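Worksheet: one structure, shown below.
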Amino acid sequence: MQFVNDIESLEALYGSPGVAATRKVARRMTPLYRKWIMASRLCVLSTVGPDGTDGSPRGDDGPVVAELDPGTLAMPDWRGNNRLDSLRNIVLDGHVSLMFVVPGSNNVVRVNGHARLTTDAALKARFEKKGRQPATVIVIEISEIYTQCARAFMRAETWVRDDSADLPSVGDILAEMTDGEEGGAPYDQAWGSRAAQTMW
């Protein structure tokens with residue numbers, strides 16, 4: 001198998017980007033990018049650290065991030081599985097990318113930047129829900145914002161298909177990975193009530 005090992009060879013395969021691909025990039029929030037990002041309840045947070053990379057879905061019941069100023073976003077870190085993969089990477093490196101999606105739209109908006117974690121009491125209180133606050137808030141300094149065209153979501157028919165019928169459950173996967181010591185049907189049956197109690 002032949003691999004591409006230098007940028008010159010890579011660029012020769014694809015050619016130059018069009019004007020729209022480069023001129024759509026903003027360095028801070030604009031009115032229309034703000035409208036798009038504030039409509040998104042779900043994004044994928046990508047981080048990098050000394051042990052590799054991590055991609056983590058982040059969701060909320062309203063905008064998944066808050067704007068602190070036109071160059072800064074804040075994302076509450078709501079309760080998860082406590083692996084802390086993304087958070088460890090942010091502490092050690094800080095480079096992040098976010099991909100915002102909105103159901104029904106085949107376009108996405110992407111943000112690249114640098115993140116830090118804070119336990120600032122006032123900022124944590126800003127995100128309080130049902131008497132609970134996030135343990136930390138991810139503060140993201142924006143380097144660039146840009147749209148991603150709809151081709152990938154169109155090819156995948158993202159919003160018109162449902163291919164989930166035969167997927168294994170998380171309990172199934174956990175049972176496979178632990179030789180049946182954990183997971184299985186009991187794990188799946190308990191998940192719904194457990195998730196509802198610890199959503200925030």
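Residue names in the structure tokens use chain letters A, B, ... in the order shown, residue numbers from 1 in each chain, and ligand numbers from 1 in the order shown.
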Would you mind listing, for every residue of segment 46-124 of chain A within 8 Å of segment 139-147 of chain A, the two atoms forming the shortest contact and the distance between them in Å to one decimal, using only C-alpha atoms, sorted by chain and ascending residue number, as CSV?
residue,atom,partner,partner_atom,distance
A:Gly71,CA,A:Ile142,CA,5.3
A:Thr72,CA,A:Glu141,CA,4.7
A:Leu73,CA,A:Ile140,CA,5.1
A:Ala74,CA,A:Val139,CA,4.5
A:Met75,CA,A:Val139,CA,6.5
A:Asn107,CA,A:Thr147,CA,7.1
A:Val108,CA,A:Thr147,CA,5.8
A:Val109,CA,A:Thr147,CA,4.4
A:Arg110,CA,A:Tyr146,CA,5.4
A:Val111,CA,A:Ile145,CA,4.5
A:Asn112,CA,A:Glu144,CA,5.4
A:Gly113,CA,A:Ser143,CA,4.5
A:His114,CA,A:Glu141,CA,5.2
A:Ala115,CA,A:Ile140,CA,4.3
A:Arg116,CA,A:Val139,CA,5.3
A:Leu117,CA,A:Val139,CA,6.1
A:Thr118,CA,A:Val139,CA,7.2
**OP:** Write out as a PyMOL selection string all residues of segment 9-80 of chain A that backbone DSSP assigns to strand (DSSP E or B).
**Re:** chain A and resi 26+42-49+52-59+66-69+72-76
May I have the selected residues written with N, CA and C atoms, as a JSON list (two decimals), in the first residue's frame?
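Okay, this is what ended up in part_6.json:
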[["chain", "number", "residue", "atom", "x", "y", "z"],
["A", 26, "ALA", "N", -13.94, 32.97, 9.86],
["A", 26, "ALA", "CA", -13.96, 34.12, 10.77],
["A", 26, "ALA", "C", -13.04, 33.83, 11.95],
["A", 42, "LEU", "N", -25.90, 20.14, 20.17],
["A", 42, "LEU", "CA", -24.98, 19.00, 20.14],
["A", 42, "LEU", "C", -23.74, 19.36, 19.34],
["A", 43, "CYS", "N", -22.59, 19.04, 19.90],
["A", 43, "CYS", "CA", -21.35, 19.20, 19.14],
["A", 43, "CYS", "C", -20.41, 18.06, 19.50],
["A", 44, "VAL", "N", -19.41, 17.88, 18.68],
["A", 44, "VAL", "CA", -18.33, 16.93, 18.97],
["A", 44, "VAL", "C", -17.11, 17.76, 19.36],
["A", 45, "LEU", "N", -16.59, 17.49, 20.55],
["A", 45, "LEU", "CA", -15.39, 18.15, 21.05],
["A", 45, "LEU", "C", -14.20, 17.24, 20.79],
["A", 46, "SER", "N", -13.24, 17.73, 20.02],
["A", 46, "SER", "CA", -12.03, 16.96, 19.73],
["A", 46, "SER", "C", -10.84, 17.60, 20.44],
["A", 47, "THR", "N", -10.04, 16.76, 21.08],
["A", 47, "THR", "CA", -8.87, 17.24, 21.82],
["A", 47, "THR", "C", -7.67, 16.38, 21.46],
["A", 48, "VAL", "N", -6.50, 16.89, 21.83],
["A", 48, "VAL", "CA", -5.26, 16.15, 21.58],
["A", 48, "VAL", "C", -4.37, 16.26, 22.80],
["A", 49, "GLY", "N", -3.69, 15.16, 23.12],
["A", 49, "GLY", "CA", -2.80, 15.15, 24.27],
["A", 49, "GLY", "C", -1.61, 14.24, 24.00],
["A", 52, "GLY", "N", -2.48, 10.77, 22.71],
["A", 52, "GLY", "CA", -3.32, 10.61, 21.53],
["A", 52, "GLY", "C", -4.44, 11.62, 21.49],
["A", 53, "THR", "N", -5.49, 11.26, 20.77],
["A", 53, "THR", "CA", -6.60, 12.18, 20.54],
["A", 53, "THR", "C", -7.87, 11.64, 21.18],
["A", 54, "ASP", "N", -8.87, 12.52, 21.26],
["A", 54, "ASP", "CA", -10.16, 12.12, 21.80],
["A", 54, "ASP", "C", -11.25, 12.92, 21.12],
["A", 55, "GLY", "N", -12.36, 12.27, 20.81],
["A", 55, "GLY", "CA", -13.53, 12.95, 20.29],
["A", 55, "GLY", "C", -14.71, 12.61, 21.18],
["A", 56, "SER", "N", -15.38, 13.63, 21.71],
["A", 56, "SER", "CA", -16.42, 13.42, 22.70],
["A", 56, "SER", "C", -17.67, 14.19, 22.32],
["A", 57, "PRO", "N", -18.85, 13.52, 22.25],
["A", 57, "PRO", "CA", -20.08, 14.26, 22.01],
["A", 57, "PRO", "C", -20.47, 15.07, 23.23],
["A", 58, "ARG", "N", -20.92, 16.29, 23.01],
["A", 58, "ARG", "CA", -21.36, 17.16, 24.09],
["A", 58, "ARG", "C", -22.74, 17.68, 23.75],
["A", 59, "GLY", "N", -23.71, 17.49, 24.64],
["A", 59, "GLY", "CA", -25.07, 17.91, 24.38],
["A", 59, "GLY", "C", -25.69, 18.63, 25.55],
["A", 66, "ALA", "N", -21.99, 28.68, 25.60],
["A", 66, "ALA", "CA", -22.38, 30.07, 25.84],
["A", 66, "ALA", "C", -21.27, 30.97, 25.31],
["A", 67, "GLU", "N", -21.65, 32.14, 24.85],
["A", 67, "GLU", "CA", -20.67, 33.11, 24.37],
["A", 67, "GLU", "C", -20.30, 34.03, 25.51],
["A", 68, "LEU", "N", -19.02, 34.06, 25.88],
["A", 68, "LEU", "CA", -18.55, 34.99, 26.90],
["A", 68, "LEU", "C", -18.23, 36.35, 26.29],
["A", 69, "ASP", "N", -17.65, 36.32, 25.11],
["A", 69, "ASP", "CA", -17.42, 37.51, 24.30],
["A", 69, "ASP", "C", -17.22, 37.01, 22.87],
["A", 72, "THR", "N", -14.67, 34.21, 22.61],
["A", 72, "THR", "CA", -14.57, 33.20, 23.67],
["A", 72, "THR", "C", -15.90, 32.48, 23.89],
["A", 73, "LEU", "N", -15.84, 31.16, 23.93],
["A", 73, "LEU", "CA", -17.01, 30.33, 24.22],
["A", 73, "LEU", "C", -16.78, 29.59, 25.54],
["A", 74, "ALA", "N", -17.87, 29.21, 26.17],
["A", 74, "ALA", "CA", -17.79, 28.43, 27.41],
["A", 74, "ALA", "C", -18.71, 27.23, 27.30],
["A", 75, "MET", "N", -18.22, 26.08, 27.73],
["A", 75, "MET", "CA", -18.99, 24.83, 27.68],
["A", 75, "MET", "C", -18.97, 24.16, 29.04],
["A", 76, "PRO", "N", -20.13, 23.96, 29.66],
["A", 76, "PRO", "CA", -20.15, 23.27, 30.95],
["A", 76, "PRO", "C", -19.78, 21.80, 30.76]]
**OP:** Can you list, as a PyMOL selection string, all residues belonging to segment 30-149 of chain A that DSSP tags as alpha helix (DSSP H)?
**Re:** chain A and resi 31-38+85-92+121-126
